[in-house]
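A.B. asks: Questions regarding the structure given below will be posed in turn.
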Amino acid sequence: MAPTSTAAAQLETIPQLLERNVARYGTKAAYREKEFGIWQSWTWSQAAQEIDALAFGLLKLGVNEGDHIAIIGRNRPYMYWAMVAAQKCGAVPVPLYQDAVAEEIAYVLDHCGARFVIAQDQEQVDKVFEVQDKLNNLEHMIYLDPRGMRKYDHSKLTRYQKLQEQGLAAKAELGAELDARMDHQNADTTCVMLYTSGTTGRPKGVVLSNRNVVETSKNSSEFDDLKPGDEILAYLPMAWVGDFIFSIGQAYWTGFCVNCPESPDTMHSDLREIGPTYYFAPPRVFETQLTNVMIRMEDAGRFKQWLFHHFMAHAKKVGPDLLDGKSVSFGDKLKYKLGDLLVFGPLKNTLGFSRVRVGYTAGEAIGPEIFDFYRSLGINLKQLYGQTEACVFITQQPDGEVRSDTVGVASPGVELKIAENGEVFYRSPGVFVEYFKNAESTADTKDKEGWVATGDAGFIEDGSGHLRIIDRAKDVGKMADGALFAPKYVENKLKFFPNVLEAVVFGNGRDRCAAFINIDLTAVGNWAERNNIAYSSYQELAGHPQVLATIQAHVEEVNASVAQDPMLAGCQIHRFLVLHKQLDADDGELTRTLKVRRRIIEEKYADLINALYDGSEHVSTETEVTYEDGRKGAIKATLELRDAKVFSPVKMAAE
Amino acid sequence: MSGGNYKTEDGRQIGGTLMEMKNITLRFGGVVAISDISFDIHEGEIRAIIGPNGAGKSSMLNVISGFYHPQDGEVWFRGERRPTMKPYQVAKQGIARTFQNIALFNGMSVLDNVMTGRLTHMESGLFSQAIWRGKAEREEVENREAVEKIIDFLEIQAIRKTPVGRLPYGLKKRVELARALAAEPKLLLLDEPMAGMNVEEKEDMSRFILDVNDEFGTTIALIEHDMGVVMDLSDRVVVMDYGKKIGDGTPDEVRNNQEVIDAYLGVSHD
């Protein structure tokens with residue numbers, strides 16, 4: 001490794017970046033949070049003081065170098081400070097998903113051997129208490145919100161603010177120790193450990209070094225020209241690598257401000273008030289927003305509807321070109337300006353996107369209509385492709401080269417290669433150190449030369465050099481007749497319909513494909529309301545004959561489109577059913593990042609799958625559900641199975 | 001049973017007598033709604049009033065809140081006998097309530113509804129309110145802060161600006177609780193806080209009631225039909241039937257009281 005210069009040596013770790021930011025941007029806002037109806041803010045200097053106070057408190061508690069400190073809570077400045085304070089002490093922060101149930105938390109806490117937990121509120125503290133018998137290493141918990149915990153036994157429990165006070169009181173004696181700990185740290189020190197949600201099996205602890213995080217943050221910030229003065233809204237789970245890179249890595253590298261919403265429910269109004277300049281959301285959020293806009297437009301007066309549709313049609317025509325800087329006729333430009341004044345501007349403002357300079361979506365495929373809708377409004381929405389193991393960035397779309405069907409070119413510093421079976425491999429400075437306590441998986445994923453298997457099948461497009469992802473490599477299978485089976489490809493097409501929230505396609509090793517479909521309650525419920533269709537429950541609506549007919553039409557439309565592609569024509573859906581319950585992460589059917597867990601669904605609903613293939617018209621089933629508080633119940637239902645029309649592949653029809 | 005000044009099993013401190021009803025009798029013409037009932041409420045406790053329909057529970061709550069004036073009997077509050085008062089005077093004394101049939105201002109936002117609960121804490125006159133300078137402005141800021149803390153406490157930030165009329169029932173009940181809390185009452189009266197709610201909403205509401213009691217030390221008197229809720233929440237229970245008191249004690253005592261069982265399950269007359 002080349003020796004680093006002294007100037008750069010001071011910017012190798014997150015705590016070092018914090019020191020630089022205090023010196024350079026001391027009086028600028030670093031964090032904001034809406035509380036009691038007002039945006040409270042902290043400058044970089046104030047944030048550093050809070051972090052120091054907590055770091056001293058942690059030292060006083062006896063935190064050692066290399067300890068793991070679990071952090072459970074929603075996005076709040078205090079929780080971010082907890083991560084950096086842990087880093088200052090030489091400990092490793094381990095953020096956990098706040099909506100994880102107690103057993104999931106128990107597994108992670110046990111696996112990383114956390115001695116300390118910093119929890120947001122009573123709910124999180126209770127979850128840890130529930131499983132503490134299994135946790136031999138756990139010594140002490142720190143909590144932020146004291147509500148409801150007045151009567152708790154405080155021998156192993158300290159309030160966040162109190163720990164900060166204790167830390168400040170002991171500043172004189174611990175000052176030298178904290179400095180020494182900071183001096184021990186360099187680029188190779190572990191920065192954070194993140195557990196991957198894992199579509200299969202137990203979560204794995206991904207160890208990321210400061211080099212991984214800082215290098216990636218530097219490269220990606222420069223790629224999009226992020227600057228101090230940019231604003232982001234931190235609302236995605238803190239345990240997710242993206243939030244860590246955006247809200248800590250990039251925020252500390254460039255010195256921009258992290259805004260935390262008041263509560264998860266107020267996210268949209270907070271978004272609107274802040275007007276972020278840099279924004280990330282999974283496709284689902286964009287879908288939901290678009291669905292809401294469309295639903296509300298349908299309730300609008302006739303003139304407003306006409307205005308909206310008229311200008312949106314124009315925006316679809318010229319909006320993306322304007323965004324990409326291509327030439328557009330003067331008349332079209334003028335009309336777009338007028339549209340911006342009357343429709344796009346107010347709409348963007350309502351959505352909270354007025355100031356978005358760089359917007360990203362990733363995680364799942366986004367529907368072309370949805371993608372184009374936002375781009376035609378003039379929002380620079382782009383796609384990226386990433387993984388926890390890569391510190392997010394593998395590929396991303398440069399400005400001016402944005403399309404809905406690719407995930408962009410290799411990010412700066414990233415090398416790509418495609419294996420013979422189509423699997424995508426990458427190598428970059430952001431490549432993770434190891435899976436914690438799991439050398440076997442590390443070796444499986446990362447080879448000696450540092451190439452990492454993504455587990456996704458894809459190809460690099462000729463000409464543009466953009467990467468296109470087809471499906472998970474292990475999900476791509478063969479039908480009984482040897483044709484290619486790519487379920488995700490079909491599911492995504494289905495999910496582009498607002499009525500369809502989720503779809504799961506089966507057919508690997510079989511002669512035909514069949515599908516489970518989840519309706520979107522917002523869209524279908526609104527449709528039912530407008531058509532005077534009464535329903536008392538999700539289950540009843542999902543089983544309504546008219547709903548089934550609508551879904552059938554969608555399925556057939558997808559079949560027609562799938563038939564266009566000779567390679568994938570075998571993936572047309574012959575039969576389908578609409579599920580009586582929404583697939584849910586609490587039931588283990590989705591990951592916490594809302595990805596479908598195919599194997600689990602196949603096992604759980606084996607009776608339904610059988611029915612899809614044995615030709616029966618109805619099937620009765622009983623499904624276990626888990627409520628938010630962990631209790632279990634069961635729902636019974638009789639589902640109707642329907643055949644969908646399939647189309648002969650285009651090529652054959654032409655013969 | 002009476003006495004007070006003890007610690008509950010879960011470690012809450014119960015103080016001395018906050019309110020005492022002595023031999024209350026309330027008649028509407030020839031109908032005796034409440035007949036010669038006495039009971040007390042200790043500082044810091046959760047006191048339930050239960051009974052079958054028409055037992056006189058709501059009438060009793062209305063006596064406490066000063067809406068009805070009993071023909072006989074005395075109401076003692078904080079060691080003093082209370083003269084006949086108007087409800088707003090009672091509110092000024094530190095007694096706030098919610099209603100069985102939600103009584104909010106439907107056209108106003110949640111925030112404004114909760115702000116009305118601060119009325120007893122505002123002193124500036126109509127004129128200074130109108131020009132909104134000096135004291136009136138200061139007061140508004142102070143009161144808004146108090147209200148925001150309650151909004152945060154009851155987790156209704158997301159509906160702060162929503163007109164109350166557009167809210168579902170369960171949330172309206174929560175807004176009503178917020179408005180009552182905004183008055184910073186010594187004694188909070190809840191008239192069937194969980195009526196018409198589903199299990200999840202009931203659980204939420206129960207948690208809020210316990211948290212209010214715990215966090216602000218507010219004494220709570222509540223009427224409720226859901227026996228499970230009453231037995232879990234309250235420290236002591238008064239049972240009424242046909243305007244008479246038929247039981248008074250801890251949930252366990254009341255549960256095993258034969259008269260109470262008869263009133264609830266009916267008794268054969270042979």
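We name chains A, B, ... following the order of the structure tokens; residues begin at 1 in each chain, and ligands are numbered from 1 as shown.
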Determine which residues of chain B sit within 7 Å of chain A, taking into account only C-alpha atoms, and present them as a list of chain:residue names.
C.D. replies: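 Every residue of chain B that passes the 7 Å test is in B:Gly11, B:Glu148, B:Lys149, B:Asp152, B:Gln157, B:Ala158, B:Asp211.
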A.B. asks: Using only C-alpha atoms, which protein or nucleic acid residues come within 10 Å of Phe485 of chain A? Drop anything in the same chain fewer than 6 positions from it, and give the result as a PyMOL selection string.
C.D. replies: chain A and resi 471+475-479+505-510+513+567-572
A.B. asks: Counting only C-alpha atoms, what is within 9 Å of Ile209 of chain B, bar same-chain residues fewer than 3 positions away, as JSON, numbers by chain?
C.D. replies: {"B": [46, 204, 205, 206, 212, 213, 214, 220, 233]}
A.B. asks: Those same residues, written as a compact mmCIF listing (two decimals), in the first residue's frame with all heavy atoms?
C.D. replies:
# COMPACT_ATOMS: atom_id res chain seq x y z
N ILE B 46 -55.71 5.65 39.72
CA ILE B 46 -56.66 5.49 38.63
C ILE B 46 -57.90 4.83 39.23
O ILE B 46 -57.84 3.71 39.72
CB ILE B 46 -56.08 4.64 37.48
CG1 ILE B 46 -54.80 5.30 36.93
CG2 ILE B 46 -57.11 4.45 36.38
CD1 ILE B 46 -54.16 4.54 35.78
N ASP B 204 -53.74 0.82 22.67
CA ASP B 204 -53.05 2.11 22.59
C ASP B 204 -53.57 3.05 23.66
O ASP B 204 -52.81 3.68 24.39
CB ASP B 204 -53.29 2.76 21.21
CG ASP B 204 -52.38 2.18 20.15
OD1 ASP B 204 -51.44 1.43 20.53
OD2 ASP B 204 -52.60 2.44 18.96
N MET B 205 -54.89 3.14 23.75
CA MET B 205 -55.50 4.06 24.69
C MET B 205 -55.13 3.70 26.13
O MET B 205 -54.81 4.58 26.93
CB MET B 205 -57.03 4.07 24.50
CG MET B 205 -57.75 5.14 25.25
SD MET B 205 -57.10 6.80 24.99
CE MET B 205 -58.38 7.58 24.08
N SER B 206 -55.13 2.40 26.43
CA SER B 206 -54.76 1.97 27.78
C SER B 206 -53.34 2.43 28.11
O SER B 206 -53.05 2.90 29.20
CB SER B 206 -54.81 0.45 27.91
OG SER B 206 -56.08 -0.03 27.60
N VAL B 212 -50.00 8.68 31.04
CA VAL B 212 -50.41 9.99 31.55
C VAL B 212 -50.31 9.99 33.07
O VAL B 212 -49.74 10.89 33.68
CB VAL B 212 -51.87 10.32 31.13
CG1 VAL B 212 -52.42 11.48 31.95
CG2 VAL B 212 -51.93 10.64 29.65
N ASN B 213 -50.85 8.92 33.64
CA ASN B 213 -50.83 8.79 35.09
C ASN B 213 -49.40 8.74 35.61
O ASN B 213 -49.06 9.37 36.61
CB ASN B 213 -51.59 7.51 35.47
CG ASN B 213 -51.58 7.25 36.96
OD1 ASN B 213 -50.83 6.42 37.43
ND2 ASN B 213 -52.38 7.99 37.69
N ASP B 214 -48.56 8.03 34.89
CA ASP B 214 -47.19 7.81 35.32
C ASP B 214 -46.34 9.06 35.11
O ASP B 214 -45.60 9.50 35.98
CB ASP B 214 -46.63 6.65 34.49
CG ASP B 214 -45.31 6.17 35.05
OD1 ASP B 214 -45.17 6.18 36.29
OD2 ASP B 214 -44.43 5.82 34.26
N ILE B 220 -56.75 9.98 37.80
CA ILE B 220 -57.71 9.70 36.73
C ILE B 220 -58.94 8.99 37.28
O ILE B 220 -58.82 8.03 38.04
CB ILE B 220 -57.04 8.84 35.63
CG1 ILE B 220 -55.94 9.65 34.94
CG2 ILE B 220 -58.08 8.36 34.61
CD1 ILE B 220 -55.07 8.85 34.03
N LEU B 233 -56.38 -1.66 34.44
CA LEU B 233 -55.90 -0.29 34.59
C LEU B 233 -56.01 0.24 36.01
O LEU B 233 -55.11 0.88 36.51
CB LEU B 233 -56.70 0.65 33.68
CG LEU B 233 -56.41 0.66 32.19
CD1 LEU B 233 -57.27 1.74 31.53
CD2 LEU B 233 -54.94 0.96 31.94
A.B. asks: Using only C-alpha atoms, find the one residue out of B:Asp248, B:Glu215, B:Asp232, B:Glu203 that sits nearest to Ser38 of chain B.
C.D. replies: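 With only C-alpha atoms as the atom set, the closest residue is B:Asp248.
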A.B. asks: Would you work out the distance separating atom CA of Ile37 of chain B from atom CA of Thr218 of chain B, expressed in Å to one decimal?
C.D. replies: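 Rounded to one decimal, the two atoms are 23.9 Å apart.
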A.B. asks: Just checking: using only C-alpha atoms, which residue out of A:Asn499, A:Gln49, A:Asn421, A:Asn532 ends up closest to Arg472 of chain A?
C.D. replies: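 Nearest candidate to Arg472 of chain A out of A:Asn499, A:Gln49, A:Asn421, A:Asn532: A:Asn421.
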A.B. asks: From a backbone DSSP assignment, name each residue in segment 23-72 of chain B labelled strand (DSSP E or B), as an MDAnalysis selection string.
C.D. replies: chainID B and resid 23:28 31:42 46:50 72
A.B. asks: Print the selection's residues with C-alpha atoms to a file, as a PDB file, in the first residue's frame.
C.D. replies:
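Output file out-v5.pdb is given in full below:
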ATOM      1  CA  ASN B  23     -73.695  11.171  50.423  1.00  0.00           C
ATOM      2  CA  ILE B  24     -74.469  12.451  46.941  1.00  0.00           C
ATOM      3  CA  THR B  25     -78.086  12.259  45.814  1.00  0.00           C
ATOM      4  CA  LEU B  26     -79.151  13.463  42.382  1.00  0.00           C
ATOM      5  CA  ARG B  27     -82.770  13.535  41.219  1.00  0.00           C
ATOM      6  CA  PHE B  28     -84.339  14.500  37.937  1.00  0.00           C
ATOM      7  CA  VAL B  31     -86.220   9.854  38.954  1.00  0.00           C
ATOM      8  CA  VAL B  32     -83.403   9.194  41.366  1.00  0.00           C
ATOM      9  CA  ALA B  33     -80.266   8.966  39.275  1.00  0.00           C
ATOM     10  CA  ILE B  34     -77.850   8.753  42.161  1.00  0.00           C
ATOM     11  CA  SER B  35     -78.883   7.888  45.653  1.00  0.00           C
ATOM     12  CA  ASP B  36     -76.721   8.537  48.678  1.00  0.00           C
ATOM     13  CA  ILE B  37     -73.355   7.612  47.253  1.00  0.00           C
ATOM     14  CA  SER B  38     -70.042   8.279  48.943  1.00  0.00           C
ATOM     15  CA  PHE B  39     -66.564   7.508  47.731  1.00  0.00           C
ATOM     16  CA  ASP B  40     -63.178   9.126  47.510  1.00  0.00           C
ATOM     17  CA  ILE B  41     -60.404   9.500  44.971  1.00  0.00           C
ATOM     18  CA  HIS B  42     -56.785   9.460  46.090  1.00  0.00           C
ATOM     19  CA  ILE B  46     -56.665   5.494  38.632  1.00  0.00           C
ATOM     20  CA  ARG B  47     -60.197   5.153  39.886  1.00  0.00           C
ATOM     21  CA  ALA B  48     -62.846   3.401  37.830  1.00  0.00           C
ATOM     22  CA  ILE B  49     -66.604   3.745  38.053  1.00  0.00           C
ATOM     23  CA  ILE B  50     -68.400   0.769  36.566  1.00  0.00           C
ATOM     24  CA  ASP B  72     -78.079  16.372  48.636  1.00  0.00           C
TER      25      ASP B  72
END
A.B. asks: Just to confirm, what's the straight-line distance from atom CA of Ser45 of chain A to atom CA of Ala251 of chain A in Å (one decimal)?
C.D. replies: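 Interatomic distance here is 14.6 Å.
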A.B. asks: What lies within 9 Å of Val164 of chain B using only C-alpha atoms, ignoring chain neighbours under 2 positions off, as a list in words?
C.D. replies: Leu104, Phe105, Asn106, Gly107, Met108, Ser109, Val110, Asn113, Ile159, Lys161, Thr162, Arg166, Leu167, Pro168, Leu171, Lys172 and Val175 of chain B
A.B. asks: Just N, CA and C atoms for this one: save the residues we selected as a PDB file, in the first residue's frame.
C.D. replies:
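Written output follows (result16.pdb):
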ATOM      1  N   LEU B 104     -65.797  17.486  20.086  1.00  0.00           N
ATOM      2  CA  LEU B 104     -64.708  18.327  19.575  1.00  0.00           C
ATOM      3  C   LEU B 104     -65.280  19.316  18.577  1.00  0.00           C
ATOM      4  N   PHE B 105     -64.466  20.305  18.198  1.00  0.00           N
ATOM      5  CA  PHE B 105     -64.885  21.242  17.160  1.00  0.00           C
ATOM      6  C   PHE B 105     -64.484  20.653  15.814  1.00  0.00           C
ATOM      7  N   ASN B 106     -65.445  20.123  15.105  1.00  0.00           N
ATOM      8  CA  ASN B 106     -65.147  19.347  13.908  1.00  0.00           C
ATOM      9  C   ASN B 106     -64.437  20.119  12.805  1.00  0.00           C
ATOM     10  N   GLY B 107     -64.773  21.396  12.671  1.00  0.00           N
ATOM     11  CA  GLY B 107     -64.188  22.167  11.583  1.00  0.00           C
ATOM     12  C   GLY B 107     -62.797  22.680  11.881  1.00  0.00           C
ATOM     13  N   MET B 108     -62.368  22.558  13.136  1.00  0.00           N
ATOM     14  CA  MET B 108     -61.063  23.089  13.515  1.00  0.00           C
ATOM     15  C   MET B 108     -59.992  22.007  13.470  1.00  0.00           C
ATOM     16  N   SER B 109     -58.745  22.444  13.302  1.00  0.00           N
ATOM     17  CA  SER B 109     -57.649  21.477  13.242  1.00  0.00           C
ATOM     18  C   SER B 109     -57.419  20.849  14.616  1.00  0.00           C
ATOM     19  N   VAL B 110     -56.695  19.766  14.625  1.00  0.00           N
ATOM     20  CA  VAL B 110     -56.352  19.104  15.874  1.00  0.00           C
ATOM     21  C   VAL B 110     -55.634  20.073  16.795  1.00  0.00           C
ATOM     22  N   ASN B 113     -57.985  22.543  18.299  1.00  0.00           N
ATOM     23  CA  ASN B 113     -58.817  21.878  19.303  1.00  0.00           C
ATOM     24  C   ASN B 113     -58.059  21.703  20.607  1.00  0.00           C
ATOM     25  N   ILE B 159     -51.194  14.388  12.444  1.00  0.00           N
ATOM     26  CA  ILE B 159     -52.528  14.947  12.156  1.00  0.00           C
ATOM     27  C   ILE B 159     -52.685  16.329  12.756  1.00  0.00           C
ATOM     28  N   LYS B 161     -52.365  19.285  11.755  1.00  0.00           N
ATOM     29  CA  LYS B 161     -53.081  20.313  10.990  1.00  0.00           C
ATOM     30  C   LYS B 161     -54.364  19.780  10.348  1.00  0.00           C
ATOM     31  N   THR B 162     -54.727  18.546  10.626  1.00  0.00           N
ATOM     32  CA  THR B 162     -55.908  17.958   9.995  1.00  0.00           C
ATOM     33  C   THR B 162     -57.179  18.410  10.715  1.00  0.00           C
ATOM     34  N   ARG B 166     -62.323  15.071   9.863  1.00  0.00           N
ATOM     35  CA  ARG B 166     -61.857  14.078   8.905  1.00  0.00           C
ATOM     36  C   ARG B 166     -61.196  12.871   9.552  1.00  0.00           C
ATOM     37  N   LEU B 167     -61.062  12.897  10.870  1.00  0.00           N
ATOM     38  CA  LEU B 167     -60.324  11.821  11.530  1.00  0.00           C
ATOM     39  C   LEU B 167     -61.208  10.627  11.845  1.00  0.00           C
ATOM     40  N   PRO B 168     -60.619   9.432  11.877  1.00  0.00           N
ATOM     41  CA  PRO B 168     -61.386   8.276  12.334  1.00  0.00           C
ATOM     42  C   PRO B 168     -61.663   8.368  13.839  1.00  0.00           C
ATOM     43  N   LEU B 171     -58.901   8.082  16.621  1.00  0.00           N
ATOM     44  CA  LEU B 171     -58.024   9.246  16.738  1.00  0.00           C
ATOM     45  C   LEU B 171     -58.735  10.427  17.378  1.00  0.00           C
ATOM     46  N   LYS B 172     -60.028  10.559  17.070  1.00  0.00           N
ATOM     47  CA  LYS B 172     -60.787  11.647  17.694  1.00  0.00           C
ATOM     48  C   LYS B 172     -60.753  11.508  19.203  1.00  0.00           C
ATOM     49  N   VAL B 175     -57.574  12.784  20.392  1.00  0.00           N
ATOM     50  CA  VAL B 175     -57.512  14.243  20.372  1.00  0.00           C
ATOM     51  C   VAL B 175     -58.272  14.807  21.579  1.00  0.00           C
TER      52      VAL B 175
END
A.B. asks: Which residue gives the smallest distance to Val214 of chain A among A:Leu18, A:Lys636, A:Arg592, A:Lys317, with only C-alpha atoms counted?
C.D. replies: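 The closest residue to Val214 of chain A is A:Leu18.
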A.B. asks: With only C-alpha atoms as the atoms that count, which of B:Glu140, B:Glu259, B:Glu155, B:Glu9 lies nearest to Lys245 of chain B?
C.D. replies: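 Closest to Lys245 of chain B of all the choices is B:Glu259.
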A.B. asks: Excluding segment 552-561 of chain A and any residue of its chain fewer than 6 positions from it, enumerate the residues within 10 Å of it, using only C-alpha atoms, and give them as a CSV table (one decimal) with C-alpha atoms, in the first residue's frame.
C.D. replies:
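Resulting contents of part_37.csv:
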chain,number,residue,atom,x,y,z
A,490,VAL,CA,-42.4,-10.9,-15.0
A,491,GLU,CA,-43.1,-9.8,-11.4
A,492,ASN,CA,-41.8,-6.4,-12.1
A,493,LYS,CA,-44.0,-6.0,-15.1
A,494,LEU,CA,-47.0,-6.9,-12.9
A,495,LYS,CA,-46.0,-4.6,-10.2
A,496,PHE,CA,-45.9,-1.7,-12.6
A,497,PHE,CA,-49.7,-1.7,-12.4
A,499,ASN,CA,-53.4,-2.2,-8.5
A,500,VAL,CA,-50.7,-4.8,-7.9
A,515,ALA,CA,-48.5,-16.5,-9.8
A,517,ILE,CA,-50.7,-11.5,-6.5
A,546,GLN,CA,-64.5,-7.6,-10.2
A,569,ALA,CA,-41.9,-16.2,-23.6
A,570,GLY,CA,-42.1,-19.3,-21.5
A,571,CYS,CA,-42.6,-17.2,-18.4
A,572,GLN,CA,-46.2,-16.3,-19.3
A,573,ILE,CA,-48.6,-16.8,-16.4
A,574,HIS,CA,-51.1,-19.5,-17.0
A,575,ARG,CA,-52.9,-19.4,-13.7
A,576,PHE,CA,-53.0,-17.0,-10.8
A,577,LEU,CA,-54.7,-16.2,-7.5
A,578,VAL,CA,-55.0,-13.1,-5.5
A,642,ARG,CA,-58.2,-18.2,-12.4
A,643,ASP,CA,-56.7,-19.1,-15.8
A,644,ALA,CA,-55.2,-16.3,-17.8
A,645,LYS,CA,-54.9,-16.1,-21.6
A,646,VAL,CA,-51.4,-16.8,-22.9
A,647,PHE,CA,-50.0,-15.7,-26.2
A,648,SER,CA,-47.8,-17.6,-28.6
A,649,PRO,CA,-44.3,-16.1,-28.8
A,650,VAL,CA,-44.1,-13.4,-31.4
A.B. asks: As a PyMOL selection string, please: every residue in segment 138-208 of chain A that DSSP puts in alpha helix (DSSP H).
C.D. replies: chain A and resi 160-169+171-184
A.B. asks: Using only C-alpha atoms, which residue out of B:Pro52, B:Gly228, B:Gly16, B:Gly125 lies closest to Gly266 of chain B?
C.D. replies: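 Smallest distance to Gly266 of chain B is found for B:Pro52.
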A.B. asks: Hey, can you check how far atom CA of Arg296 of chain A sits from atom CA of Thr277 of chain A?
C.D. replies: 25.6 Å
A.B. asks: Excluding Val356 of chain A and residues on its chain fewer than 3 positions from it, collect all residues at most 6 Å away from it, counting only C-alpha atoms, and give them as JSON, numbers by chain.
C.D. replies: {"A": [276, 277, 278, 353]}
A.B. asks: If we count only C-alpha atoms and set the cut-off at 6 Å, which residues sit around segment 164-171 of chain A, ignoring sequence neighbours fewer than 3 positions away in its own chain? Please answer as an MDAnalysis selection string.
C.D. replies: chainID A and resid 53:54 56:57 161 174:175
A.B. asks: Rank B:Gly94, B:Pro87, B:Pro163, B:Gly15 by their smallest atom-to-atom distance to Val63 of chain B, using only C-alpha atoms, and report the top residue only.
C.D. replies: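 Of the candidates, the smallest distance to Val63 of chain B is held by B:Pro87.
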A.B. asks: For segment 437-526 of chain A against segment 383-388 of chain A, with a cut-off of 12 Å and counting only C-alpha atoms, what is the closest atom pair and its distance in Å to one decimal for every residue that makes the cut, ordered by chain and number, as CSV?
C.D. replies:
residue,atom,partner,partner_atom,distance
A:Val452,CA,A:Gln387,CA,10.4
A:Ala453,CA,A:Gln387,CA,10.5
A:Thr454,CA,A:Gln387,CA,7.8
A:Gly455,CA,A:Gln387,CA,10.3
A:Asp456,CA,A:Tyr385,CA,10.6
A:Gly458,CA,A:Tyr385,CA,11.6
A:His466,CA,A:Leu384,CA,11.0
A:Leu467,CA,A:Tyr385,CA,9.0
A:Arg468,CA,A:Tyr385,CA,9.7
A:Ile469,CA,A:Tyr385,CA,9.0
A.B. asks: Store the residues picked out above, limited to all heavy atoms, as a compact mmCIF listing (two decimals), in the first residue's frame.
C.D. replies:
# COMPACT_ATOMS: atom_id res chain seq x y z
N VAL A 452 -16.04 -9.63 -5.89
CA VAL A 452 -17.19 -10.03 -5.08
C VAL A 452 -18.35 -10.44 -5.99
O VAL A 452 -18.66 -9.75 -6.96
CB VAL A 452 -17.65 -8.87 -4.17
CG1 VAL A 452 -18.83 -9.29 -3.32
CG2 VAL A 452 -16.51 -8.41 -3.30
N ALA A 453 -18.95 -11.57 -5.65
CA ALA A 453 -20.12 -12.03 -6.42
C ALA A 453 -21.35 -11.28 -5.93
O ALA A 453 -21.59 -11.19 -4.73
CB ALA A 453 -20.30 -13.52 -6.20
N THR A 454 -22.12 -10.74 -6.85
CA THR A 454 -23.32 -9.99 -6.44
C THR A 454 -24.51 -10.90 -6.21
O THR A 454 -25.45 -10.55 -5.52
CB THR A 454 -23.74 -8.97 -7.51
OG1 THR A 454 -23.98 -9.69 -8.72
CG2 THR A 454 -22.68 -7.93 -7.73
N GLY A 455 -24.47 -12.08 -6.86
CA GLY A 455 -25.64 -12.95 -6.78
C GLY A 455 -26.71 -12.55 -7.78
O GLY A 455 -27.76 -13.17 -7.85
N ASP A 456 -26.44 -11.50 -8.57
CA ASP A 456 -27.40 -11.07 -9.58
C ASP A 456 -26.90 -11.43 -10.97
O ASP A 456 -25.70 -11.37 -11.24
CB ASP A 456 -27.60 -9.55 -9.53
CG ASP A 456 -28.43 -9.14 -8.33
OD1 ASP A 456 -29.38 -9.88 -7.99
OD2 ASP A 456 -28.12 -8.11 -7.73
N GLY A 458 -26.81 -10.54 -14.93
CA GLY A 458 -26.99 -9.36 -15.75
C GLY A 458 -26.01 -9.33 -16.90
O GLY A 458 -25.25 -10.28 -17.08
N HIS A 466 -23.72 0.38 -20.18
CA HIS A 466 -24.56 0.33 -18.99
C HIS A 466 -24.80 -1.13 -18.57
O HIS A 466 -24.90 -2.01 -19.41
CB HIS A 466 -25.92 0.98 -19.26
CG HIS A 466 -25.89 2.46 -19.14
ND1 HIS A 466 -26.73 3.17 -18.34
CD2 HIS A 466 -25.09 3.38 -19.73
CE1 HIS A 466 -26.48 4.46 -18.44
NE2 HIS A 466 -25.48 4.62 -19.28
N LEU A 467 -24.92 -1.33 -17.27
CA LEU A 467 -25.22 -2.66 -16.75
C LEU A 467 -26.74 -2.85 -16.70
O LEU A 467 -27.47 -1.95 -16.30
CB LEU A 467 -24.64 -2.82 -15.35
CG LEU A 467 -24.88 -4.15 -14.65
CD1 LEU A 467 -24.11 -5.27 -15.34
CD2 LEU A 467 -24.49 -4.08 -13.18
N ARG A 468 -27.16 -4.03 -17.15
CA ARG A 468 -28.59 -4.37 -17.00
C ARG A 468 -28.71 -5.61 -16.15
O ARG A 468 -28.03 -6.60 -16.38
CB ARG A 468 -29.22 -4.63 -18.38
CG ARG A 468 -29.64 -3.37 -19.07
CD ARG A 468 -30.27 -3.67 -20.39
NE ARG A 468 -31.63 -4.17 -20.24
CZ ARG A 468 -32.47 -4.30 -21.27
NH1 ARG A 468 -32.08 -3.98 -22.49
NH2 ARG A 468 -33.69 -4.74 -21.09
N ILE A 469 -29.60 -5.56 -15.18
CA ILE A 469 -29.78 -6.70 -14.27
C ILE A 469 -31.06 -7.43 -14.69
O ILE A 469 -32.09 -6.81 -14.92
CB ILE A 469 -29.92 -6.21 -12.81
CG1 ILE A 469 -28.66 -5.46 -12.36
CG2 ILE A 469 -30.23 -7.36 -11.87
CD1 ILE A 469 -27.44 -6.31 -12.20
